[in-house]
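Participant: Before I ask anything, here is the structure I am working with.
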Amino acid sequence: MKMKQETNADSENELIEKIYEQRVIGNRDEKNAALSASLFVNECPKKGRYVEAKDNIKAGEVLLQETPFAAWIKPSLIKTYCNHCFKRLKTCDIYCARCENIFYCSLKCHDESSFQYHQTECNFLSLFRLLSKGQLALRVVFKANIEQLFSENEMKIESKSSEDVGEYEKIFDLVDHLRECTYTNLMFDVFGAIFLSLLLKKLSLIDDKSVLIVGKVLLKHLLQINMNGIQIMEQRIADVQQLPSGEIIYKIESLEDSKGLGLYTNISLVNHSCYNVTKSLFNGNQLSLVAIADLGKGDEITYNYGPHYKFMPKSERQTFLRDFYYFDCECKACIEDWF
Ligand SMILES: [Zn+2]
Ligand SMILES: [Zn+2]
Ligand SMILES: [Zn+2]
């Protein structure tokens, strides 16, 4: 691999870095550092787990911050963004020396990617990256370490522990809605999982006796990606100015297209509402959930999955959420018929 000489960032880039440095959680939860200490993960039979405010929250506070367990970048963007952290590349000088087909912003990203998933996919990357969410599901099992995961009996995969769960166990715990899936949706992913597990066998990445269990796990991850996958958006910080007081003001511009897809562990705890009390912001593929309204103690923290009351009538929102996420939305906008 080759390294590029570091160049000095110009003053605007330094201000932008400062903005990202300041966009952090004030006080982190003691057990889960991805969450603000102002949040509480509650549970009830009707909603399952959900997140509420433990204290009063001011607009602008960062409530949740995490990087994806695994992510997939669009093949057309591999020379535009770091293939691991999704930050914009200044050059394509750092890459995998074996396949010369994956590019990074830094040696740190190169090494992390190689250790977590790329050393397994390296020889077959040009094929895998065309599989979109299939590649994401594969990266989840590569990172979880196939051999370690499947050297024990099948029940290891089915088991769940509530305390001190590892990152993969948290992914394994995400909802998949297997039972609610329509026949057509399920068949598409079943064929995908069969194809992927036979492909892994053909490429000698797994052995005969692992095909069935790897197929089952891949099906679970494909269904989880449908429910929990997050589109990683291209966002730019624009019109940055530093006021004489030292305060930095800026605009965040969201571009229409996504860079790819990520599977995160914590954002999935946050339920949908058809109006925004939070906004997701990206620094590469690091996701921050920021409050955009003042919230009171006990208020539920919600996140808009796509259908917003300003842009979609209630009946269409409800149909969309039932068809794709398998729930009847009971947010304030739906109950009070805002549209
Ligand atoms: Zn990077
Ligand atoms: Zn490679
Ligand atoms: Zn709603």
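In the structure tokens, chains take the letters A, B, ... in the order shown, each chain's residues start at 1, and ligands count up from 1 in the order shown.
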Contacts between range 326-333 of chain A and range 175-220 of chain A, please, where a residue of range 175-220 of chain A counts if it comes within 10 Å (with only C-alpha atoms); show its shortest atom pair and distance in Å to one decimal, rows by chain and ascending number, as CSV.

Facilitator:
```
residue,atom,partner,partner_atom,distance
A:His177,CA,A:Tyr326,CA,7.6
A:Glu180,CA,A:Tyr326,CA,6.9
A:Cys181,CA,A:Tyr326,CA,8.2
```

Participant: Out of range 272-333 of chain A, which residues get alpha helix (DSSP H) from DSSP, as a PDB file with C-alpha atoms, in the first residue's frame?

Facilitator:
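Output file part19.pdb is given in full below:
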```pdb
ATOM      1  CA  LYS A 314     -52.153   9.880   6.803  1.00  0.00           C
ATOM      2  CA  SER A 315     -53.739   6.990   4.870  1.00  0.00           C
ATOM      3  CA  GLU A 316     -50.643   6.627   2.640  1.00  0.00           C
ATOM      4  CA  ARG A 317     -48.271   6.867   5.613  1.00  0.00           C
ATOM      5  CA  GLN A 318     -50.177   4.211   7.495  1.00  0.00           C
ATOM      6  CA  THR A 319     -50.244   1.867   4.483  1.00  0.00           C
ATOM      7  CA  PHE A 320     -46.514   2.386   3.848  1.00  0.00           C
ATOM      8  CA  LEU A 321     -45.564   1.742   7.481  1.00  0.00           C
ATOM      9  CA  ARG A 322     -47.802  -1.346   7.684  1.00  0.00           C
ATOM     10  CA  ASP A 323     -46.479  -2.784   4.387  1.00  0.00           C
ATOM     11  CA  PHE A 324     -42.779  -2.140   5.007  1.00  0.00           C
ATOM     12  CA  TYR A 325     -42.370  -2.024   8.802  1.00  0.00           C
ATOM     13  CA  LYS A 332     -49.304  12.281  17.545  1.00  0.00           C
ATOM     14  CA  ALA A 333     -49.577  13.315  13.868  1.00  0.00           C
TER      15      ALA A 333
END
```

Participant: Go through the chains and note each residue within 7 Å of ligand 2, using only C-alpha atoms and all ligand atoms, then give the set as number ranges by chain.

Facilitator: A: 96-102, 118-119, 122-123

Participant: Considering only C-alpha atoms, return as a ChimeraX atom specification whatever protein or nucleic-acid residues lie within 12 Å of range 47-50 of chain A, sequence-local ones (same chain, fewer than 6 positions apart) excluded.

Facilitator: /A:39-41,173-175,266-272,298-303,327-331

Participant: Report the closest atom pair, with its distance in Å rounded to one decimal, for each residue of chain A that has an atom no farther than 12 Å from ligand 1; count only C-alpha atoms and all ligand atoms, sort by chain and then rising residue number, and write it as a Markdown table.

Facilitator:
```
| residue | atom | partner | partner_atom_place_in_ligand_line | distance |
| --- | --- | --- | --- | --- |
| A:Thr67 | CA | ligand 1 | 1 (Zn) | 11.8 |
| A:Ile78 | CA | ligand 1 | 1 (Zn) | 11.7 |
| A:Lys79 | CA | ligand 1 | 1 (Zn) | 12.0 |
| A:Thr80 | CA | ligand 1 | 1 (Zn) | 11.3 |
| A:Tyr81 | CA | ligand 1 | 1 (Zn) | 7.9 |
| A:Cys82 | CA | ligand 1 | 1 (Zn) | 4.6 |
| A:Asn83 | CA | ligand 1 | 1 (Zn) | 6.7 |
| A:His84 | CA | ligand 1 | 1 (Zn) | 5.2 |
| A:Cys85 | CA | ligand 1 | 1 (Zn) | 4.1 |
| A:Phe86 | CA | ligand 1 | 1 (Zn) | 6.1 |
| A:Lys87 | CA | ligand 1 | 1 (Zn) | 5.8 |
| A:Arg88 | CA | ligand 1 | 1 (Zn) | 8.2 |
| A:Leu89 | CA | ligand 1 | 1 (Zn) | 8.0 |
| A:Lys90 | CA | ligand 1 | 1 (Zn) | 10.7 |
| A:Thr91 | CA | ligand 1 | 1 (Zn) | 11.7 |
| A:Cys92 | CA | ligand 1 | 1 (Zn) | 11.4 |
| A:Ile94 | CA | ligand 1 | 1 (Zn) | 9.9 |
| A:Tyr95 | CA | ligand 1 | 1 (Zn) | 10.9 |
| A:Ile102 | CA | ligand 1 | 1 (Zn) | 11.2 |
| A:Phe103 | CA | ligand 1 | 1 (Zn) | 8.6 |
| A:Tyr104 | CA | ligand 1 | 1 (Zn) | 5.2 |
| A:Cys105 | CA | ligand 1 | 1 (Zn) | 4.2 |
| A:Ser106 | CA | ligand 1 | 1 (Zn) | 5.6 |
| A:Leu107 | CA | ligand 1 | 1 (Zn) | 8.2 |
| A:Lys108 | CA | ligand 1 | 1 (Zn) | 7.3 |
| A:Cys109 | CA | ligand 1 | 1 (Zn) | 4.7 |
| A:His110 | CA | ligand 1 | 1 (Zn) | 7.5 |
| A:Asp111 | CA | ligand 1 | 1 (Zn) | 10.1 |
| A:Glu112 | CA | ligand 1 | 1 (Zn) | 9.4 |
| A:Ser113 | CA | ligand 1 | 1 (Zn) | 9.2 |
| A:Asn283 | CA | ligand 1 | 1 (Zn) | 10.7 |
| A:Gly284 | CA | ligand 1 | 1 (Zn) | 8.0 |
| A:Asn285 | CA | ligand 1 | 1 (Zn) | 9.4 |
| A:Gln286 | CA | ligand 1 | 1 (Zn) | 10.8 |
```

Participant: Can you pull out every residue within 10 Å of range 54-65 of chain A, counting only C-alpha atoms, but drop anything in the same chain fewer than 3 positions away, and send it as an MDAnalysis selection string?

Facilitator: chainID A and resid 22:29 32:41 51 266:267 270 277:282 286:301

Participant: Applying 9 Å and only C-alpha atoms, which residues near Val214 in chain A remain after dropping the ones on its own chain fewer than 4 positions away? List them as a ChimeraX atom specification.

Facilitator: /A:141,146,150,193,196-197,206,210,218-219

Participant: As an mmCIF file with N, CA and C atoms, in the first residue's frame, please: every residue in range 32-240 of chain A that DSSP puts in strand (DSSP E or B).

Facilitator:
```
data_model
loop_
_atom_site.group_PDB
_atom_site.id
_atom_site.type_symbol
_atom_site.label_atom_id
_atom_site.label_comp_id
_atom_site.auth_asym_id
_atom_site.auth_seq_id
_atom_site.Cartn_x
_atom_site.Cartn_y
_atom_site.Cartn_z
ATOM 1 N N LEU A 35 -25.195 6.234 23.681
ATOM 2 C CA LEU A 35 -26.398 6.987 24.057
ATOM 3 C C LEU A 35 -26.060 8.098 25.051
ATOM 4 N N SER A 36 -26.826 9.183 24.965
ATOM 5 C CA SER A 36 -26.696 10.263 25.942
ATOM 6 C C SER A 36 -27.233 9.787 27.293
ATOM 7 N N LEU A 39 -30.999 9.870 28.176
ATOM 8 C CA LEU A 39 -31.984 8.935 27.615
ATOM 9 C C LEU A 39 -32.181 7.720 28.506
ATOM 10 N N PHE A 40 -33.330 7.103 28.335
ATOM 11 C CA PHE A 40 -33.653 5.901 29.091
ATOM 12 C C PHE A 40 -34.302 4.909 28.125
ATOM 13 N N VAL A 41 -33.783 3.688 28.093
ATOM 14 C CA VAL A 41 -34.395 2.672 27.210
ATOM 15 C C VAL A 41 -35.453 1.942 28.017
ATOM 16 N N ASN A 42 -36.705 2.156 27.631
ATOM 17 C CA ASN A 42 -37.838 1.574 28.341
ATOM 18 C C ASN A 42 -38.391 0.396 27.543
ATOM 19 N N GLU A 43 -39.309 -0.314 28.096
ATOM 20 C CA GLU A 43 -39.873 -1.478 27.394
ATOM 21 C C GLU A 43 -41.330 -1.634 27.803
ATOM 22 N N CYS A 44 -42.195 -1.924 26.840
ATOM 23 C CA CYS A 44 -43.572 -2.274 27.182
ATOM 24 C C CYS A 44 -44.057 -3.311 26.172
ATOM 25 N N GLY A 48 -42.554 -2.813 22.598
ATOM 26 C CA GLY A 48 -41.229 -3.416 22.752
ATOM 27 C C GLY A 48 -40.317 -2.389 23.400
ATOM 28 N N ARG A 49 -39.035 -2.358 22.971
ATOM 29 C CA ARG A 49 -38.113 -1.382 23.557
ATOM 30 C C ARG A 49 -38.296 -0.028 22.866
ATOM 31 N N TYR A 50 -38.213 1.030 23.614
ATOM 32 C CA TYR A 50 -38.273 2.364 23.046
ATOM 33 C C TYR A 50 -37.459 3.308 23.922
ATOM 34 N N VAL A 51 -37.180 4.503 23.390
ATOM 35 C CA VAL A 51 -36.279 5.417 24.092
ATOM 36 C C VAL A 51 -37.052 6.645 24.547
ATOM 37 N N GLU A 52 -36.852 7.045 25.800
ATOM 38 C CA GLU A 52 -37.501 8.270 26.269
ATOM 39 C C GLU A 52 -36.506 9.174 26.982
ATOM 40 N N ALA A 53 -36.914 10.435 27.152
ATOM 41 C CA ALA A 53 -36.024 11.413 27.804
ATOM 42 C C ALA A 53 -36.085 11.215 29.313
ATOM 43 N N ILE A 57 -34.438 17.995 27.590
ATOM 44 C CA ILE A 57 -33.418 18.011 26.527
ATOM 45 C C ILE A 57 -33.603 19.280 25.701
ATOM 46 N N VAL A 62 -26.879 16.320 21.132
ATOM 47 C CA VAL A 62 -26.651 15.039 20.454
ATOM 48 C C VAL A 62 -27.134 13.931 21.392
ATOM 49 N N LEU A 63 -28.057 13.109 20.884
ATOM 50 C CA LEU A 63 -28.694 12.104 21.740
ATOM 51 C C LEU A 63 -28.097 10.720 21.550
ATOM 52 N N LEU A 64 -27.575 10.478 20.375
ATOM 53 C CA LEU A 64 -27.064 9.141 20.047
ATOM 54 C C LEU A 64 -25.973 9.310 19.004
ATOM 55 N N GLN A 65 -24.919 8.556 19.127
ATOM 56 C CA GLN A 65 -23.822 8.667 18.148
ATOM 57 C C GLN A 65 -23.169 7.302 17.991
ATOM 58 N N GLU A 66 -23.106 6.808 16.760
ATOM 59 C CA GLU A 66 -22.519 5.470 16.568
ATOM 60 C C GLU A 66 -22.045 5.290 15.129
ATOM 61 N N ALA A 70 -21.650 -2.779 10.285
ATOM 62 C CA ALA A 70 -21.138 -3.064 8.936
ATOM 63 C C ALA A 70 -21.850 -2.138 7.963
ATOM 64 N N ALA A 71 -21.222 -1.880 6.823
ATOM 65 C CA ALA A 71 -21.830 -0.974 5.844
ATOM 66 C C ALA A 71 -21.446 -1.400 4.430
ATOM 67 N N TRP A 72 -22.265 -0.977 3.476
ATOM 68 C CA TRP A 72 -22.018 -1.262 2.057
ATOM 69 C C TRP A 72 -21.989 0.071 1.314
ATOM 70 N N ILE A 73 -20.951 0.287 0.505
ATOM 71 C CA ILE A 73 -20.864 1.530 -0.268
ATOM 72 C C ILE A 73 -21.256 1.246 -1.718
ATOM 73 N N TYR A 81 -15.354 8.041 -1.856
ATOM 74 C CA TYR A 81 -15.391 8.024 -0.389
ATOM 75 C C TYR A 81 -14.538 6.878 0.143
ATOM 76 N N ARG A 88 -15.065 11.647 2.583
ATOM 77 C CA ARG A 88 -14.625 11.931 1.222
ATOM 78 C C ARG A 88 -13.115 11.727 1.091
ATOM 79 N N ILE A 94 -4.306 5.279 -0.729
ATOM 80 C CA ILE A 94 -4.264 4.175 0.242
ATOM 81 C C ILE A 94 -5.297 3.140 -0.187
ATOM 82 N N TYR A 95 -4.819 1.956 -0.477
ATOM 83 C CA TYR A 95 -5.730 0.910 -0.980
ATOM 84 C C TYR A 95 -5.192 -0.457 -0.596
ATOM 85 N N PHE A 103 -10.552 1.444 -1.441
ATOM 86 C CA PHE A 103 -9.765 2.643 -1.163
ATOM 87 C C PHE A 103 -10.118 3.226 0.211
ATOM 88 N N TYR A 104 -9.104 3.799 0.861
ATOM 89 C CA TYR A 104 -9.286 4.275 2.228
ATOM 90 C C TYR A 104 -8.733 5.688 2.403
ATOM 91 N N ILE A 230 -29.970 1.567 7.441
ATOM 92 C CA ILE A 230 -30.057 3.036 7.358
ATOM 93 C C ILE A 230 -29.330 3.492 6.090
ATOM 94 N N GLN A 231 -30.011 4.317 5.296
ATOM 95 C CA GLN A 231 -29.364 4.917 4.130
ATOM 96 C C GLN A 231 -28.369 5.959 4.636
ATOM 97 N N ILE A 232 -27.115 5.826 4.248
ATOM 98 C CA ILE A 232 -26.086 6.768 4.698
ATOM 99 C C ILE A 232 -26.046 7.923 3.699
ATOM 100 N N MET A 233 -26.476 9.088 4.172
ATOM 101 C CA MET A 233 -26.674 10.204 3.244
ATOM 102 C C MET A 233 -25.405 11.055 3.105
ATOM 103 N N GLU A 234 -25.289 11.649 1.941
ATOM 104 C CA GLU A 234 -24.222 12.626 1.705
ATOM 105 C C GLU A 234 -24.704 13.957 2.266
ATOM 106 N N GLN A 235 -23.999 14.485 3.252
ATOM 107 C CA GLN A 235 -24.354 15.791 3.808
ATOM 108 C C GLN A 235 -23.117 16.669 3.792
ATOM 109 N N ARG A 236 -23.316 17.937 3.445
ATOM 110 C CA ARG A 236 -22.176 18.861 3.423
ATOM 111 C C ARG A 236 -22.434 20.013 4.369
ATOM 112 N N ILE A 237 -21.376 20.442 5.018
ATOM 113 C CA ILE A 237 -21.471 21.639 5.849
ATOM 114 C C ILE A 237 -21.083 22.818 4.962
ATOM 115 N N ALA A 238 -21.988 23.800 4.868
ATOM 116 C CA ALA A 238 -21.757 24.919 3.946
ATOM 117 C C ALA A 238 -21.878 26.248 4.681
ATOM 118 N N ASP A 239 -21.425 27.310 4.020
ATOM 119 C CA ASP A 239 -21.515 28.680 4.550
ATOM 120 C C ASP A 239 -20.977 28.786 5.983
ATOM 121 N N VAL A 240 -19.804 28.199 6.198
ATOM 122 C CA VAL A 240 -19.232 28.203 7.558
ATOM 123 C C VAL A 240 -18.634 29.571 7.861
#
```

Participant: Pick out the closest residue to Tyr168 in chain A from this set: A:His308, A:Lys201, A:Lys18, A:His221. Count only C-alpha atoms.

Facilitator: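 The closest residue to Tyr168 in chain A is A:His221.
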
Participant: Just how far from CA of Ser76 in chain A is CA of Phe142 in chain A, in Å to one decimal?

Facilitator: 23.0 Å

Participant: CA of Leu127 in chain A to CA of Asp176 in chain A: how many Å, to one decimal?

Facilitator: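 That distance, rounded to one decimal, is 26.0 Å.
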
Participant: I'd like the interatomic distance between CA of Leu205 in chain A and CA of Met187 in chain A, to a tenth of an Å.

Facilitator: 24.6 Å

Participant: Go through A:Ile225, A:Asp337, A:Cys274, A:Tyr309 and flag the residue nearest ligand 3, using only C-alpha atoms and all ligand atoms for the distances.

Facilitator: A:Cys274

Participant: Need the shell around Thr265 in chain A: protein/DNA/RNA residues with any atom at most 8 Å away, counting only C-alpha atoms. Skip same-chain ones fewer than 5 positions apart. Format as a list in words?

Facilitator: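 Counting only C-alpha atoms, the residues come to Pro68, Phe69, Glu167, Lys170, Ile171 and Leu174 of chain A.
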